[in-house]
Amino acid sequence: MPTAEQILKIVKDEGINIVKFLWMGNDMISRAMATHVDFLEESMNSGIGITRGMQSFNALDLLVPSGRFGPESSEFRIVPDLNTFACVPYAPGSARFIGELWEPEMKPSSTDSRYYLRRILEQAEKMNFRPMASCEIEFYILRKDGDKVSPYISEKFGTSHGYDLVNEFMQECVDCMSKMGVRLERLKKEYGHSQVEPTIKYAGALKAADDAVTLRDVVKGVAARHGLFVTFMPKPFQGLAGSGNHLHLSLFDVKGDRNLFYDKNDRRKYDFSETGYHFIGGLMKHMKGVTVFGAPISNSYKRLLPGTWSPAHVCYGYDNRAAAIRIPSLLSTSGGEGSRVEYRVPDPSANPYLAIGTALAAGLDGVSKKTDPGEPLTADPARMSDAQLEKLGVEYLPRTLGEAIAEAKKDSFLKETLGEVLFEEYLKARESEWKSYREQVTEWEIANYLTTF
Ligand code: GLU
Ligand code: MG
């Protein structure tokens, strides 16, 4: 971890004026307060103040009416994690930290999402595990023509030409990410027109979540410099592919030397360990309740449809991309390092600390209780009848945000793992958005009903 002195030297050498202190709350938006560099030292020591009301904000940028916190509430401090310091190459003269909301007495607040993930990692460490993760984030590159927004290019999946068309923009994104400490592993021209997917090398789960925050910020910032913009909305265009944020999760030993999801003596012949199967068992058991933390907005549920390469059912399978959990096949040369689960439900609108934290908590619950996940599904559930699904015990994921909120409330495990305040404020924010969405009279209703009735 760089020391405060080292950071002060870097900002001086690099001519930094403004330093942002980021945090992510129940609105899933990467927000920040910034300090002038002359006040950086004291801000690193005592954080920057922010109204507690921000923990009762929703993604519509509104204070939730039933929220615990409001303008009358006191302050949190945004306290930076010095490890996350980075100059922001696409915004010259600026740097940033990722931080957490702490109490004025300089203790982490139990309502903070990043601190929640750290608590889960501590819990894992007590069980002798080191959770590793990577977020596989898809997004669309768009252009604006007046009020009209459309995909920047209309290339099909994987076309070589597609990479060339977005080259200049993506080159700058890759360069900025690497300067900010994010290790890009692969780049994919995804299925949707103008949809791309940079994949990040796996890391400890906290860094993986921080990397997701950085990626979202970088591509938005760089897009603006190219006269473009980017959306992480899960289903931006009807008829085009949705954007997922598949979470790749594994448990290593505490030293980080050995992947404990690998076992070449697997009786099912997938080289997957009992610990891994139990992790899947736990994640499946809690999946309906956990869904709202990975798929947090009403639009998320327009992505989670059968037959779209996004999951719609609670099931797992070996290299089955229609399942909610995929066990990816391993490179014969990897020696088991890459053993992992790919949890495909989350999308990039999620707060990555909560999405990863709740998924890990559910998986760890399965490991401690030795939860049996049952047999893997070898078919695409979209091609099975409801009767066939029922026979196999395969249930649907929540089909609306409203259902997902209700499922989270039904599963007492979630309130326990998140703590009462974080659990309740998060769900109140989702409820307020769901209410606002439900009350909309949509273009579809006007087009279909206005002249009919
Ligand atoms: N776009 C798909 C989703 O929404 C995933 C496609 C893939 O990478 O398998 O999850
Ligand atoms: Mg993809």
# chains A, B, ... in the order shown; residues from 1 in each chain; ligands from 1
$ residues_near_ligand --ligand "ligand 2" --cutoff "12 Å" --atoms "only C-alpha atoms and all ligand atoms" --output "VMD selection string"
chain A and resid 135 to 140 157 to 158 186 to 192 195 to 199 241 to 247 308 to 310 321 342 344 347 to 348
$ select_by_dssp --residues "stretch 142-216 of chain A" --states "strand (DSSP E)" --output "MDAnalysis selection string"
chainID A and resid 142:145 148:151 184:189 195:200 203:204
$ closest_residue --among "A:Phe69, A:Trp444, A:Tyr353, A:Tyr301" --to "ligand 1" --atoms "only C-alpha atoms and all ligand atoms"
A:Tyr301
$ residues_around --residues "A:Leu354" --least-positions-apart "3" --cutoff "10 Å" --atoms "only C-alpha atoms" --output "PyMOL selection string"
chain A and resi 24-26+28+112-117+209+290+292-294+350-351+357-360+418+426
$ write_last_selection --atoms "N, CA, C and O atoms" --output "short mmCIF file (atom, residue, chain, number, x, y, z; two decimals), in the first residue's frame"
data_model
loop_
_atom_site.label_atom_id
_atom_site.label_comp_id
_atom_site.auth_asym_id
_atom_site.auth_seq_id
_atom_site.Cartn_x
_atom_site.Cartn_y
_atom_site.Cartn_z
N MET A 24 -19.60 4.13 -3.35
CA MET A 24 -20.81 3.66 -4.03
C MET A 24 -21.84 3.24 -3.01
O MET A 24 -21.56 2.47 -2.09
N GLY A 25 -23.03 3.77 -3.16
CA GLY A 25 -24.08 3.52 -2.19
C GLY A 25 -25.21 2.67 -2.74
O GLY A 25 -25.03 1.91 -3.70
N ASN A 26 -26.39 2.87 -2.15
CA ASN A 26 -27.54 2.05 -2.51
C ASN A 26 -28.16 2.48 -3.85
O ASN A 26 -29.12 1.88 -4.31
N MET A 28 -26.22 2.63 -6.54
CA MET A 28 -25.35 1.94 -7.50
C MET A 28 -24.58 2.91 -8.41
O MET A 28 -24.05 2.52 -9.45
N ASP A 112 -22.14 0.78 4.78
CA ASP A 112 -21.35 0.97 3.56
C ASP A 112 -21.19 -0.35 2.79
O ASP A 112 -20.88 -1.38 3.38
N SER A 113 -21.36 -0.29 1.48
CA SER A 113 -21.36 -1.52 0.69
C SER A 113 -19.96 -2.12 0.54
O SER A 113 -19.79 -3.33 0.56
N ARG A 114 -18.93 -1.25 0.43
CA ARG A 114 -17.58 -1.80 0.27
C ARG A 114 -17.14 -2.45 1.58
O ARG A 114 -16.49 -3.51 1.57
N TYR A 115 -17.53 -1.84 2.69
CA TYR A 115 -17.21 -2.43 3.99
C TYR A 115 -17.96 -3.76 4.16
O TYR A 115 -17.44 -4.70 4.75
N TYR A 116 -19.15 -3.84 3.59
CA TYR A 116 -19.88 -5.12 3.64
C TYR A 116 -19.04 -6.21 2.95
O TYR A 116 -18.84 -7.30 3.50
N LEU A 117 -18.53 -5.91 1.76
CA LEU A 117 -17.73 -6.92 1.06
C LEU A 117 -16.49 -7.28 1.91
O LEU A 117 -16.13 -8.45 2.03
N ALA A 209 -13.97 -5.91 -7.36
CA ALA A 209 -15.10 -4.96 -7.30
C ALA A 209 -14.60 -3.55 -7.58
O ALA A 209 -15.25 -2.78 -8.31
N VAL A 290 -30.92 -13.27 -3.68
CA VAL A 290 -29.69 -12.54 -4.01
C VAL A 290 -29.85 -11.75 -5.31
O VAL A 290 -29.14 -10.76 -5.56
N VAL A 292 -31.75 -9.50 -6.55
CA VAL A 292 -31.97 -8.05 -6.56
C VAL A 292 -30.66 -7.27 -6.30
O VAL A 292 -30.57 -6.09 -6.61
N PHE A 293 -29.65 -7.96 -5.77
CA PHE A 293 -28.38 -7.28 -5.54
C PHE A 293 -27.49 -7.31 -6.79
O PHE A 293 -26.60 -6.48 -6.93
N GLY A 294 -27.76 -8.24 -7.69
CA GLY A 294 -26.98 -8.30 -8.94
C GLY A 294 -27.75 -7.71 -10.11
O GLY A 294 -27.16 -7.27 -11.10
N ALA A 350 -25.41 -3.08 -11.34
CA ALA A 350 -25.32 -3.43 -9.92
C ALA A 350 -24.15 -2.73 -9.22
O ALA A 350 -23.15 -2.40 -9.85
N ASN A 351 -24.30 -2.53 -7.94
CA ASN A 351 -23.19 -2.11 -7.10
C ASN A 351 -22.31 -3.36 -6.94
O ASN A 351 -22.74 -4.36 -6.36
N GLY A 357 -20.47 -9.41 -2.90
CA GLY A 357 -20.59 -9.74 -1.47
C GLY A 357 -21.72 -10.71 -1.20
O GLY A 357 -21.53 -11.72 -0.50
N THR A 358 -22.90 -10.45 -1.75
CA THR A 358 -24.04 -11.33 -1.46
C THR A 358 -23.86 -12.70 -2.13
O THR A 358 -24.23 -13.72 -1.56
N ALA A 359 -23.26 -12.71 -3.34
CA ALA A 359 -23.05 -14.00 -4.01
C ALA A 359 -22.04 -14.84 -3.22
O ALA A 359 -22.23 -16.05 -3.02
N LEU A 360 -20.97 -14.18 -2.74
CA LEU A 360 -19.98 -14.92 -1.94
C LEU A 360 -20.60 -15.40 -0.63
O LEU A 360 -20.38 -16.54 -0.20
N LEU A 418 -26.27 -8.86 5.47
CA LEU A 418 -26.03 -7.45 5.15
C LEU A 418 -26.13 -6.54 6.38
O LEU A 418 -25.56 -5.45 6.39
N TYR A 426 -31.24 -0.44 1.22
CA TYR A 426 -31.07 -0.89 -0.17
C TYR A 426 -32.42 -1.25 -0.77
O TYR A 426 -32.76 -0.83 -1.88
#
$ closest_atom_pairs --of "stretch 22-139 of chain A" --to "stretch 333-339 of chain A" --cutoff "12 Å" --atoms "only C-alpha atoms" --output "JSON lines"
{"residue": "A:Met132", "atom": "CA", "partner": "A:Gly338", "partner_atom": "CA", "distance": 10.4}
{"residue": "A:Ala133", "atom": "CA", "partner": "A:Gly338", "partner_atom": "CA", "distance": 10.8}
{"residue": "A:Ser134", "atom": "CA", "partner": "A:Gly338", "partner_atom": "CA", "distance": 11.4}
$ residues_around --residues "stretch 54-66 of chain A" --least-positions-apart "2" --cutoff "8 Å" --atoms "only C-alpha atoms" --output "NGL selection string"
:A and (25-29 or 50-52 or 68-70 or 111 or 425-426 or 428-430 or 432-433)
$ write_last_selection --atoms "all heavy atoms" --output "short mmCIF file (atom, residue, chain, number, x, y, z; two decimals), in the first residue's frame"
data_model
loop_
_atom_site.label_atom_id
_atom_site.label_comp_id
_atom_site.auth_asym_id
_atom_site.auth_seq_id
_atom_site.Cartn_x
_atom_site.Cartn_y
_atom_site.Cartn_z
N GLY A 25 -23.03 3.77 -3.16
CA GLY A 25 -24.08 3.52 -2.19
C GLY A 25 -25.21 2.67 -2.74
O GLY A 25 -25.03 1.91 -3.70
N ASN A 26 -26.39 2.87 -2.15
CA ASN A 26 -27.54 2.05 -2.51
C ASN A 26 -28.16 2.48 -3.85
O ASN A 26 -29.12 1.88 -4.31
CB ASN A 26 -28.59 2.15 -1.41
CG ASN A 26 -28.07 1.51 -0.13
OD1 ASN A 26 -27.37 0.50 -0.20
ND2 ASN A 26 -28.39 2.10 1.01
N ASP A 27 -27.62 3.54 -4.44
CA ASP A 27 -28.09 3.99 -5.76
C ASP A 27 -27.25 3.38 -6.89
O ASP A 27 -27.51 3.64 -8.06
CB ASP A 27 -28.06 5.51 -5.84
CG ASP A 27 -26.71 6.07 -5.39
OD1 ASP A 27 -25.75 5.28 -5.25
OD2 ASP A 27 -26.61 7.28 -5.16
N MET A 28 -26.22 2.63 -6.54
CA MET A 28 -25.35 1.94 -7.50
C MET A 28 -24.58 2.91 -8.41
O MET A 28 -24.05 2.52 -9.45
CB MET A 28 -26.12 0.96 -8.40
CG MET A 28 -26.78 -0.20 -7.73
SD MET A 28 -28.50 0.09 -7.27
CE MET A 28 -29.29 0.44 -8.81
N ILE A 29 -24.56 4.19 -8.03
CA ILE A 29 -23.89 5.19 -8.87
C ILE A 29 -22.52 5.49 -8.26
O ILE A 29 -22.39 5.61 -7.04
CB ILE A 29 -24.74 6.48 -8.93
CG1 ILE A 29 -26.08 6.19 -9.61
CG2 ILE A 29 -24.00 7.60 -9.67
CD1 ILE A 29 -27.08 7.34 -9.54
N ILE A 50 -19.88 13.93 4.03
CA ILE A 50 -21.00 13.81 3.09
C ILE A 50 -22.26 13.53 3.91
O ILE A 50 -22.21 12.77 4.89
CB ILE A 50 -20.74 12.67 2.05
CG1 ILE A 50 -21.87 12.51 1.04
CG2 ILE A 50 -20.52 11.32 2.72
CD1 ILE A 50 -21.84 13.52 -0.05
N THR A 51 -23.38 14.11 3.51
CA THR A 51 -24.60 13.89 4.28
C THR A 51 -24.98 12.40 4.30
O THR A 51 -24.88 11.71 3.29
CB THR A 51 -25.79 14.71 3.72
OG1 THR A 51 -27.00 14.22 4.29
CG2 THR A 51 -25.91 14.59 2.21
N ARG A 52 -25.46 11.96 5.44
CA ARG A 52 -25.92 10.57 5.56
C ARG A 52 -27.09 10.32 4.61
O ARG A 52 -27.38 9.18 4.25
CB ARG A 52 -26.38 10.27 7.00
CG ARG A 52 -25.24 10.18 7.99
CD ARG A 52 -25.78 10.06 9.41
NE ARG A 52 -25.64 8.72 9.96
CZ ARG A 52 -24.53 8.27 10.54
NH1 ARG A 52 -23.47 9.02 10.63
NH2 ARG A 52 -24.49 7.05 11.04
N ARG A 68 -34.28 6.08 5.98
CA ARG A 68 -33.86 6.40 7.35
C ARG A 68 -33.14 7.74 7.43
O ARG A 68 -33.14 8.39 8.44
CB ARG A 68 -32.80 5.38 7.75
CG ARG A 68 -33.20 4.36 8.71
CD ARG A 68 -31.96 3.58 9.14
NE ARG A 68 -32.38 2.47 9.94
CZ ARG A 68 -32.91 1.35 9.46
NH1 ARG A 68 -33.10 1.22 8.16
NH2 ARG A 68 -33.27 0.38 10.27
N PHE A 69 -32.42 8.06 6.35
CA PHE A 69 -31.55 9.23 6.38
C PHE A 69 -32.12 10.33 5.49
O PHE A 69 -32.73 10.05 4.46
CB PHE A 69 -30.15 8.86 5.87
CG PHE A 69 -29.52 7.70 6.59
CD1 PHE A 69 -29.25 6.52 5.90
CD2 PHE A 69 -29.20 7.79 7.93
CE1 PHE A 69 -28.66 5.44 6.56
CE2 PHE A 69 -28.62 6.71 8.60
CZ PHE A 69 -28.35 5.52 7.91
N GLY A 70 -31.89 11.57 5.90
CA GLY A 70 -32.39 12.70 5.11
C GLY A 70 -31.51 13.91 5.32
O GLY A 70 -30.42 13.81 5.90
N THR A 111 -23.35 0.53 7.18
CA THR A 111 -24.24 0.71 6.03
C THR A 111 -23.47 0.78 4.72
O THR A 111 -24.06 0.85 3.65
CB THR A 111 -25.04 2.04 6.13
OG1 THR A 111 -24.13 3.12 5.92
CG2 THR A 111 -25.70 2.20 7.48
N GLU A 425 -32.26 -0.18 3.78
CA GLU A 425 -32.13 1.03 2.92
C GLU A 425 -31.97 0.64 1.47
O GLU A 425 -32.49 1.30 0.58
CB GLU A 425 -30.95 1.90 3.38
CG GLU A 425 -31.15 2.57 4.71
CD GLU A 425 -32.54 3.19 4.88
OE1 GLU A 425 -32.83 4.20 4.22
OE2 GLU A 425 -33.33 2.65 5.68
N TYR A 426 -31.24 -0.44 1.22
CA TYR A 426 -31.07 -0.89 -0.17
C TYR A 426 -32.42 -1.25 -0.77
O TYR A 426 -32.76 -0.83 -1.88
CB TYR A 426 -30.10 -2.10 -0.22
CG TYR A 426 -29.90 -2.61 -1.63
CD1 TYR A 426 -28.95 -2.02 -2.46
CD2 TYR A 426 -30.69 -3.64 -2.15
CE1 TYR A 426 -28.79 -2.46 -3.77
CE2 TYR A 426 -30.53 -4.08 -3.46
CZ TYR A 426 -29.57 -3.48 -4.26
OH TYR A 426 -29.43 -3.92 -5.56
N LYS A 428 -35.41 -0.34 0.23
CA LYS A 428 -36.31 0.82 0.11
C LYS A 428 -35.99 1.59 -1.18
O LYS A 428 -36.91 2.09 -1.84
CB LYS A 428 -36.14 1.75 1.31
CG LYS A 428 -36.83 1.28 2.57
CD LYS A 428 -36.64 2.35 3.63
CE LYS A 428 -36.63 1.77 5.01
NZ LYS A 428 -36.12 2.74 6.00
N ALA A 429 -34.70 1.68 -1.49
CA ALA A 429 -34.32 2.39 -2.73
C ALA A 429 -34.89 1.65 -3.95
O ALA A 429 -35.44 2.27 -4.87
CB ALA A 429 -32.80 2.51 -2.82
N ARG A 430 -34.78 0.32 -3.92
CA ARG A 430 -35.31 -0.47 -5.06
C ARG A 430 -36.84 -0.33 -5.13
O ARG A 430 -37.42 -0.21 -6.20
CB ARG A 430 -34.94 -1.95 -4.94
CG ARG A 430 -33.46 -2.29 -4.91
CD ARG A 430 -32.71 -2.01 -6.19
NE ARG A 430 -32.47 -0.61 -6.41
CZ ARG A 430 -31.57 0.15 -5.73
NH1 ARG A 430 -30.84 -0.37 -4.79
NH2 ARG A 430 -31.43 1.43 -5.98
N SER A 432 -38.69 2.13 -4.16
CA SER A 432 -39.13 3.46 -4.64
C SER A 432 -38.99 3.53 -6.16
O SER A 432 -39.82 4.14 -6.84
CB SER A 432 -38.32 4.57 -3.95
OG SER A 432 -36.97 4.51 -4.33
N GLU A 433 -37.95 2.89 -6.71
CA GLU A 433 -37.79 2.90 -8.17
C GLU A 433 -38.87 2.03 -8.82
O GLU A 433 -39.42 2.37 -9.87
CB GLU A 433 -36.40 2.38 -8.56
CG GLU A 433 -35.30 3.37 -8.22
CD GLU A 433 -33.91 2.75 -8.28
OE1 GLU A 433 -33.68 1.84 -9.10
OE2 GLU A 433 -33.06 3.16 -7.48
#
